[in-house]
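> For reference, the structure I am asking about is given below.
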Amino acid sequence: MRGMNFQKLLVPVGAIVLLALAWRSHGWGGVAFAGGVIVMFLLMHFNRMMQVLKRAGDRPIGHVASAVMLNAKLKQGVTLMHVIAMTRALGELRSPQDEQPELYRWTDAGGSYVDAVFNGGKLQSWTLTRPEATADGEQP
């Protein structure tokens with residue numbers, strides 16, 4: 001939890017340090033340039049986030065092409081936005097809204113699904129579940 005608070009402060013503190021260094025080195029011109037760089041960074045981040053959400057909004061909630069491939073690609077600590085970009089779909093929220101940790105599910109056409117647990121927006125754990133095969137070897 002302490003690391004998460006540190007990461008939230010890192011970007012604003014970094015921006016202030018950049019502005020202070022720009023002021024010290026080049027005066028108001030440096031501050032204007034550093035401010036422009038900071039605004040450009042924020043606009044690029046916002047644009048990428050909007051593109052990811054637009055792509056995800058065009059697909060059914062909780063659907064993924066292959067749950068097995070998603071399971072293989074997941075890594076602990078990645079953000080929910082990163083997983084949404086990988087799946088190109090919003091996850092189906094399976095936990096109570098606005099409570100931590102959050103549980104999301106992505107299901108493929110074969111009935112396999114991945115349940116992913118996010119705490120503070122970072123992937124904590126995940127499990128792959130495949131449908132059981134019937135006695136004749138076919139999947140239900």
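Letters for chains follow the order of the structure tokens (A, B, ...), residue numbers begin at 1 for each chain, and ligand numbers begin at 1 in the order shown.
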Please provide as a ChimeraX atom specification all residues within 6 Å of stretch 18-21 of chain A, with the sequence filter that same-chain residues fewer than 3 positions apart are discarded (counting only C-alpha atoms).

/A:15,24,31,34

> Print the selection's residues with N, CA, C and O atoms to a file, as an mmCIF file, in the first residue's frame.


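So the final result, stored in selection16.cif, reads:
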data_model
loop_
_atom_site.group_PDB
_atom_site.id
_atom_site.type_symbol
_atom_site.label_atom_id
_atom_site.label_comp_id
_atom_site.auth_asym_id
_atom_site.auth_seq_id
_atom_site.Cartn_x
_atom_site.Cartn_y
_atom_site.Cartn_z
ATOM 1 N N ALA A 15 7.111 16.488 -12.103
ATOM 2 C CA ALA A 15 6.745 17.660 -12.905
ATOM 3 C C ALA A 15 7.212 18.945 -12.230
ATOM 4 O O ALA A 15 7.740 19.850 -12.893
ATOM 5 N N ARG A 24 15.459 27.376 -13.243
ATOM 6 C CA ARG A 24 16.830 27.658 -12.807
ATOM 7 C C ARG A 24 17.782 27.750 -14.000
ATOM 8 O O ARG A 24 18.706 28.558 -14.002
ATOM 9 N N VAL A 31 10.614 27.376 -18.347
ATOM 10 C CA VAL A 31 9.361 26.953 -17.709
ATOM 11 C C VAL A 31 8.291 26.723 -18.772
ATOM 12 O O VAL A 31 7.545 25.739 -18.709
ATOM 13 N N ALA A 34 9.201 23.409 -20.563
ATOM 14 C CA ALA A 34 8.928 22.254 -19.694
ATOM 15 C C ALA A 34 7.425 22.068 -19.503
ATOM 16 O O ALA A 34 6.928 20.938 -19.505
#

> Just checking: using only C-alpha atoms, which residue out of A:Thr107, A:Gln51, A:Ser25, A:Gln7 ends up closest to A:Gly120?

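Among the listed residues, the smallest separation from A:Gly120 belongs to A:Gln7.
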
> Where in stretch 8-135 of chain A does DSSP assign strand (DSSP E), given as a list in words?

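The strand (DSSP E) residues within stretch 8-135 of chain A come out as Glu92, Leu93, Glu102, Leu103, Tyr104, Arg105, Trp106, Thr107, Tyr113, Val114, Asp115, Ala116, Val117, Phe118, Asn119, Lys122, Leu123, Gln124, Ser125, Trp126, Thr127, Leu128 and Thr129 of chain A.
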
> Near stretch 71-85 of chain A, within 9 Å and counting only C-alpha atoms, which residues show up once chain neighbours fewer than 6 positions away are dropped, as a list in words?

Met49, Val52, Leu53, Arg55, Ala56, Gly91, Tyr113, Val114, Phe118, Gly120, Gly121, Lys122, Leu123, Gln124, Ser125, Trp126, Thr127 and Leu128 of chain A

> Could you take the residues named above and write them with N, CA, C and O atoms, as a PDB file, in the first residue's frame?


ATOM      1  N   MET A  49      -5.430   6.358 -23.720  1.00  0.00           N
ATOM      2  CA  MET A  49      -6.485   5.807 -22.874  1.00  0.00           C
ATOM      3  C   MET A  49      -7.831   5.838 -23.603  1.00  0.00           C
ATOM      4  O   MET A  49      -8.586   4.870 -23.565  1.00  0.00           O
ATOM      5  N   VAL A  52      -7.917   3.060 -26.302  1.00  0.00           N
ATOM      6  CA  VAL A  52      -8.108   1.736 -25.699  1.00  0.00           C
ATOM      7  C   VAL A  52      -9.566   1.545 -25.313  1.00  0.00           C
ATOM      8  O   VAL A  52     -10.175   0.512 -25.599  1.00  0.00           O
ATOM      9  N   LEU A  53     -10.151   2.545 -24.676  1.00  0.00           N
ATOM     10  CA  LEU A  53     -11.546   2.433 -24.244  1.00  0.00           C
ATOM     11  C   LEU A  53     -12.510   2.423 -25.432  1.00  0.00           C
ATOM     12  O   LEU A  53     -13.532   1.739 -25.394  1.00  0.00           O
ATOM     13  N   ARG A  55     -11.857   1.148 -28.473  1.00  0.00           N
ATOM     14  CA  ARG A  55     -11.783  -0.209 -29.025  1.00  0.00           C
ATOM     15  C   ARG A  55     -12.541  -1.197 -28.150  1.00  0.00           C
ATOM     16  O   ARG A  55     -13.228  -2.069 -28.644  1.00  0.00           O
ATOM     17  N   ALA A  56     -12.373  -1.058 -26.838  1.00  0.00           N
ATOM     18  CA  ALA A  56     -13.031  -1.978 -25.905  1.00  0.00           C
ATOM     19  C   ALA A  56     -14.548  -1.776 -25.912  1.00  0.00           C
ATOM     20  O   ALA A  56     -15.299  -2.730 -25.729  1.00  0.00           O
ATOM     21  N   GLY A  91     -13.635  -5.886 -18.994  1.00  0.00           N
ATOM     22  CA  GLY A  91     -13.913  -7.091 -18.236  1.00  0.00           C
ATOM     23  C   GLY A  91     -15.280  -7.024 -17.585  1.00  0.00           C
ATOM     24  O   GLY A  91     -15.810  -5.942 -17.318  1.00  0.00           O
ATOM     25  N   TYR A 113     -12.678 -19.264 -19.223  1.00  0.00           N
ATOM     26  CA  TYR A 113     -12.639 -17.882 -18.754  1.00  0.00           C
ATOM     27  C   TYR A 113     -11.465 -17.657 -17.809  1.00  0.00           C
ATOM     28  O   TYR A 113     -10.933 -18.585 -17.214  1.00  0.00           O
ATOM     29  N   VAL A 114     -11.080 -16.383 -17.742  1.00  0.00           N
ATOM     30  CA  VAL A 114     -10.025 -15.945 -16.828  1.00  0.00           C
ATOM     31  C   VAL A 114     -10.647 -14.980 -15.841  1.00  0.00           C
ATOM     32  O   VAL A 114     -11.281 -14.001 -16.236  1.00  0.00           O
ATOM     33  N   PHE A 118      -7.849  -7.445  -9.257  1.00  0.00           N
ATOM     34  CA  PHE A 118      -7.107  -6.189  -9.291  1.00  0.00           C
ATOM     35  C   PHE A 118      -7.244  -5.492  -7.946  1.00  0.00           C
ATOM     36  O   PHE A 118      -8.347  -5.348  -7.430  1.00  0.00           O
ATOM     37  N   GLY A 120      -6.233  -1.897  -6.277  1.00  0.00           N
ATOM     38  CA  GLY A 120      -5.707  -0.578  -6.579  1.00  0.00           C
ATOM     39  C   GLY A 120      -5.382  -0.401  -8.049  1.00  0.00           C
ATOM     40  O   GLY A 120      -4.482   0.357  -8.397  1.00  0.00           O
ATOM     41  N   GLY A 121      -6.086  -1.099  -8.928  1.00  0.00           N
ATOM     42  CA  GLY A 121      -5.870  -0.977 -10.354  1.00  0.00           C
ATOM     43  C   GLY A 121      -4.734  -1.826 -10.904  1.00  0.00           C
ATOM     44  O   GLY A 121      -4.457  -1.796 -12.098  1.00  0.00           O
ATOM     45  N   LYS A 122      -4.066  -2.603 -10.053  1.00  0.00           N
ATOM     46  CA  LYS A 122      -2.952  -3.456 -10.496  1.00  0.00           C
ATOM     47  C   LYS A 122      -3.349  -4.918 -10.350  1.00  0.00           C
ATOM     48  O   LYS A 122      -3.988  -5.311  -9.376  1.00  0.00           O
ATOM     49  N   LEU A 123      -2.936  -5.718 -11.323  1.00  0.00           N
ATOM     50  CA  LEU A 123      -3.266  -7.140 -11.327  1.00  0.00           C
ATOM     51  C   LEU A 123      -2.547  -7.840 -10.180  1.00  0.00           C
ATOM     52  O   LEU A 123      -1.329  -7.795 -10.074  1.00  0.00           O
ATOM     53  N   GLN A 124      -3.336  -8.492  -9.333  1.00  0.00           N
ATOM     54  CA  GLN A 124      -2.796  -9.185  -8.166  1.00  0.00           C
ATOM     55  C   GLN A 124      -2.668 -10.681  -8.444  1.00  0.00           C
ATOM     56  O   GLN A 124      -1.643 -11.283  -8.173  1.00  0.00           O
ATOM     57  N   SER A 125      -3.731 -11.277  -8.996  1.00  0.00           N
ATOM     58  CA  SER A 125      -3.722 -12.711  -9.305  1.00  0.00           C
ATOM     59  C   SER A 125      -4.785 -12.990 -10.362  1.00  0.00           C
ATOM     60  O   SER A 125      -5.642 -12.163 -10.621  1.00  0.00           O
ATOM     61  N   TRP A 126      -4.696 -14.176 -10.958  1.00  0.00           N
ATOM     62  CA  TRP A 126      -5.676 -14.580 -11.966  1.00  0.00           C
ATOM     63  C   TRP A 126      -5.736 -16.098 -12.025  1.00  0.00           C
ATOM     64  O   TRP A 126      -4.793 -16.777 -11.651  1.00  0.00           O
ATOM     65  N   THR A 127      -6.882 -16.598 -12.484  1.00  0.00           N
ATOM     66  CA  THR A 127      -7.061 -18.039 -12.641  1.00  0.00           C
ATOM     67  C   THR A 127      -7.761 -18.307 -13.966  1.00  0.00           C
ATOM     68  O   THR A 127      -8.657 -17.571 -14.369  1.00  0.00           O
ATOM     69  N   LEU A 128      -7.322 -19.377 -14.624  1.00  0.00           N
ATOM     70  CA  LEU A 128      -7.952 -19.835 -15.859  1.00  0.00           C
ATOM     71  C   LEU A 128      -8.850 -20.998 -15.510  1.00  0.00           C
ATOM     72  O   LEU A 128      -8.443 -21.926 -14.810  1.00  0.00           O
TER      73      LEU A 128
END

> One decimal, Å: what's the distance from atom CA of A:Ser66 over to atom CA of A:Tyr104, could you say?

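Those two atoms sit 15.6 Å apart.
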
> Please determine, counting only C-alpha atoms, which residue among A:Met86, A:Val64, A:Met69, A:Trp28 has the shortest atom-to-atom distance to A:Arg105.

A:Val64

> Quick one: pick out all helix (DSSP H, G or I) residues within chain A from a backbone DSSP run and write them as JSON, numbers by chain.

{"A": [2, 3, 4, 5, 6, 7, 8, 9, 10, 11, 12, 13, 14, 15, 16, 17, 18, 19, 20, 21, 22, 23, 24, 25, 26, 27, 28, 29, 30, 31, 32, 33, 34, 35, 36, 37, 38, 39, 40, 41, 42, 43, 44, 45, 46, 47, 48, 49, 50, 51, 52, 53, 54, 55, 56, 57, 67, 68, 69, 70, 71, 72, 73, 80, 81, 82, 83, 84, 85, 86, 87]}

> Could you write out the selected residues, including C-alpha atoms, as a PDB file, in the first residue's frame?


ATOM      1  CA  ARG A   2       2.828   2.377   0.818  1.00  0.00           C
ATOM      2  CA  GLY A   3       4.423   1.817  -2.619  1.00  0.00           C
ATOM      3  CA  MET A   4       1.152   2.687  -4.320  1.00  0.00           C
ATOM      4  CA  ASN A   5       1.016   6.085  -2.560  1.00  0.00           C
ATOM      5  CA  PHE A   6       4.624   6.750  -3.554  1.00  0.00           C
ATOM      6  CA  GLN A   7       3.838   6.051  -7.214  1.00  0.00           C
ATOM      7  CA  LYS A   8       0.888   8.451  -7.137  1.00  0.00           C
ATOM      8  CA  LEU A   9       3.176  11.219  -5.899  1.00  0.00           C
ATOM      9  CA  LEU A  10       6.049  10.475  -8.264  1.00  0.00           C
ATOM     10  CA  VAL A  11       4.583  12.112 -11.406  1.00  0.00           C
ATOM     11  CA  PRO A  12       3.449  15.414  -9.790  1.00  0.00           C
ATOM     12  CA  VAL A  13       6.714  15.733  -7.845  1.00  0.00           C
ATOM     13  CA  GLY A  14       8.672  14.947 -11.025  1.00  0.00           C
ATOM     14  CA  ALA A  15       6.745  17.660 -12.905  1.00  0.00           C
ATOM     15  CA  ILE A  16       7.480  20.221 -10.171  1.00  0.00           C
ATOM     16  CA  VAL A  17      11.175  19.274 -10.161  1.00  0.00           C
ATOM     17  CA  LEU A  18      11.281  19.560 -13.971  1.00  0.00           C
ATOM     18  CA  LEU A  19       9.671  23.005 -13.833  1.00  0.00           C
ATOM     19  CA  ALA A  20      12.072  24.138 -11.085  1.00  0.00           C
ATOM     20  CA  LEU A  21      15.106  22.932 -13.044  1.00  0.00           C
ATOM     21  CA  ALA A  22      13.793  24.620 -16.186  1.00  0.00           C
ATOM     22  CA  TRP A  23      13.342  27.892 -14.277  1.00  0.00           C
ATOM     23  CA  ARG A  24      16.830  27.658 -12.807  1.00  0.00           C
ATOM     24  CA  SER A  25      18.459  26.883 -16.164  1.00  0.00           C
ATOM     25  CA  HIS A  26      16.531  29.058 -18.642  1.00  0.00           C
ATOM     26  CA  GLY A  27      14.088  31.286 -16.741  1.00  0.00           C
ATOM     27  CA  TRP A  28      10.545  31.747 -18.037  1.00  0.00           C
ATOM     28  CA  GLY A  29      11.424  30.331 -21.448  1.00  0.00           C
ATOM     29  CA  GLY A  30      12.534  27.088 -19.803  1.00  0.00           C
ATOM     30  CA  VAL A  31       9.361  26.953 -17.709  1.00  0.00           C
ATOM     31  CA  ALA A  32       7.243  27.459 -20.847  1.00  0.00           C
ATOM     32  CA  PHE A  33       9.120  24.666 -22.663  1.00  0.00           C
ATOM     33  CA  ALA A  34       8.928  22.254 -19.694  1.00  0.00           C
ATOM     34  CA  GLY A  35       5.233  23.073 -19.248  1.00  0.00           C
ATOM     35  CA  GLY A  36       4.644  22.308 -22.921  1.00  0.00           C
ATOM     36  CA  VAL A  37       6.439  18.970 -22.552  1.00  0.00           C
ATOM     37  CA  ILE A  38       4.325  18.087 -19.490  1.00  0.00           C
ATOM     38  CA  VAL A  39       1.072  19.031 -21.254  1.00  0.00           C
ATOM     39  CA  MET A  40       2.097  17.010 -24.350  1.00  0.00           C
ATOM     40  CA  PHE A  41       2.825  13.972 -22.158  1.00  0.00           C
ATOM     41  CA  LEU A  42      -0.591  14.278 -20.481  1.00  0.00           C
ATOM     42  CA  LEU A  43      -2.366  14.663 -23.833  1.00  0.00           C
ATOM     43  CA  MET A  44      -0.619  11.603 -25.297  1.00  0.00           C
ATOM     44  CA  HIS A  45      -1.531   9.530 -22.221  1.00  0.00           C
ATOM     45  CA  PHE A  46      -5.159  10.711 -22.397  1.00  0.00           C
ATOM     46  CA  ASN A  47      -5.341   9.992 -26.152  1.00  0.00           C
ATOM     47  CA  ARG A  48      -4.011   6.438 -25.686  1.00  0.00           C
ATOM     48  CA  MET A  49      -6.485   5.807 -22.874  1.00  0.00           C
ATOM     49  CA  MET A  50      -9.384   7.025 -25.036  1.00  0.00           C
ATOM     50  CA  GLN A  51      -8.288   4.803 -27.969  1.00  0.00           C
ATOM     51  CA  VAL A  52      -8.108   1.736 -25.699  1.00  0.00           C
ATOM     52  CA  LEU A  53     -11.546   2.433 -24.244  1.00  0.00           C
ATOM     53  CA  LYS A  54     -13.043   3.142 -27.688  1.00  0.00           C
ATOM     54  CA  ARG A  55     -11.783  -0.209 -29.025  1.00  0.00           C
ATOM     55  CA  ALA A  56     -13.031  -1.978 -25.905  1.00  0.00           C
ATOM     56  CA  GLY A  57     -16.412  -0.267 -26.159  1.00  0.00           C
ATOM     57  CA  ALA A  67      -8.871 -17.173 -22.510  1.00  0.00           C
ATOM     58  CA  VAL A  68      -5.860 -19.521 -22.667  1.00  0.00           C
ATOM     59  CA  MET A  69      -3.788 -16.933 -24.560  1.00  0.00           C
ATOM     60  CA  LEU A  70      -4.874 -14.197 -22.141  1.00  0.00           C
ATOM     61  CA  ASN A  71      -3.830 -16.415 -19.235  1.00  0.00           C
ATOM     62  CA  ALA A  72      -0.387 -16.879 -20.811  1.00  0.00           C
ATOM     63  CA  LYS A  73       0.123 -13.143 -21.404  1.00  0.00           C
ATOM     64  CA  LEU A  80      -6.335  -2.809 -15.590  1.00  0.00           C
ATOM     65  CA  MET A  81      -5.935  -0.444 -18.561  1.00  0.00           C
ATOM     66  CA  HIS A  82      -3.102  -2.651 -19.886  1.00  0.00           C
ATOM     67  CA  VAL A  83      -5.290  -5.777 -19.635  1.00  0.00           C
ATOM     68  CA  ILE A  84      -8.169  -3.968 -21.368  1.00  0.00           C
ATOM     69  CA  ALA A  85      -5.750  -2.978 -24.163  1.00  0.00           C
ATOM     70  CA  MET A  86      -4.602  -6.624 -24.497  1.00  0.00           C
ATOM     71  CA  THR A  87      -8.119  -8.069 -24.595  1.00  0.00           C
TER      72      THR A  87
END
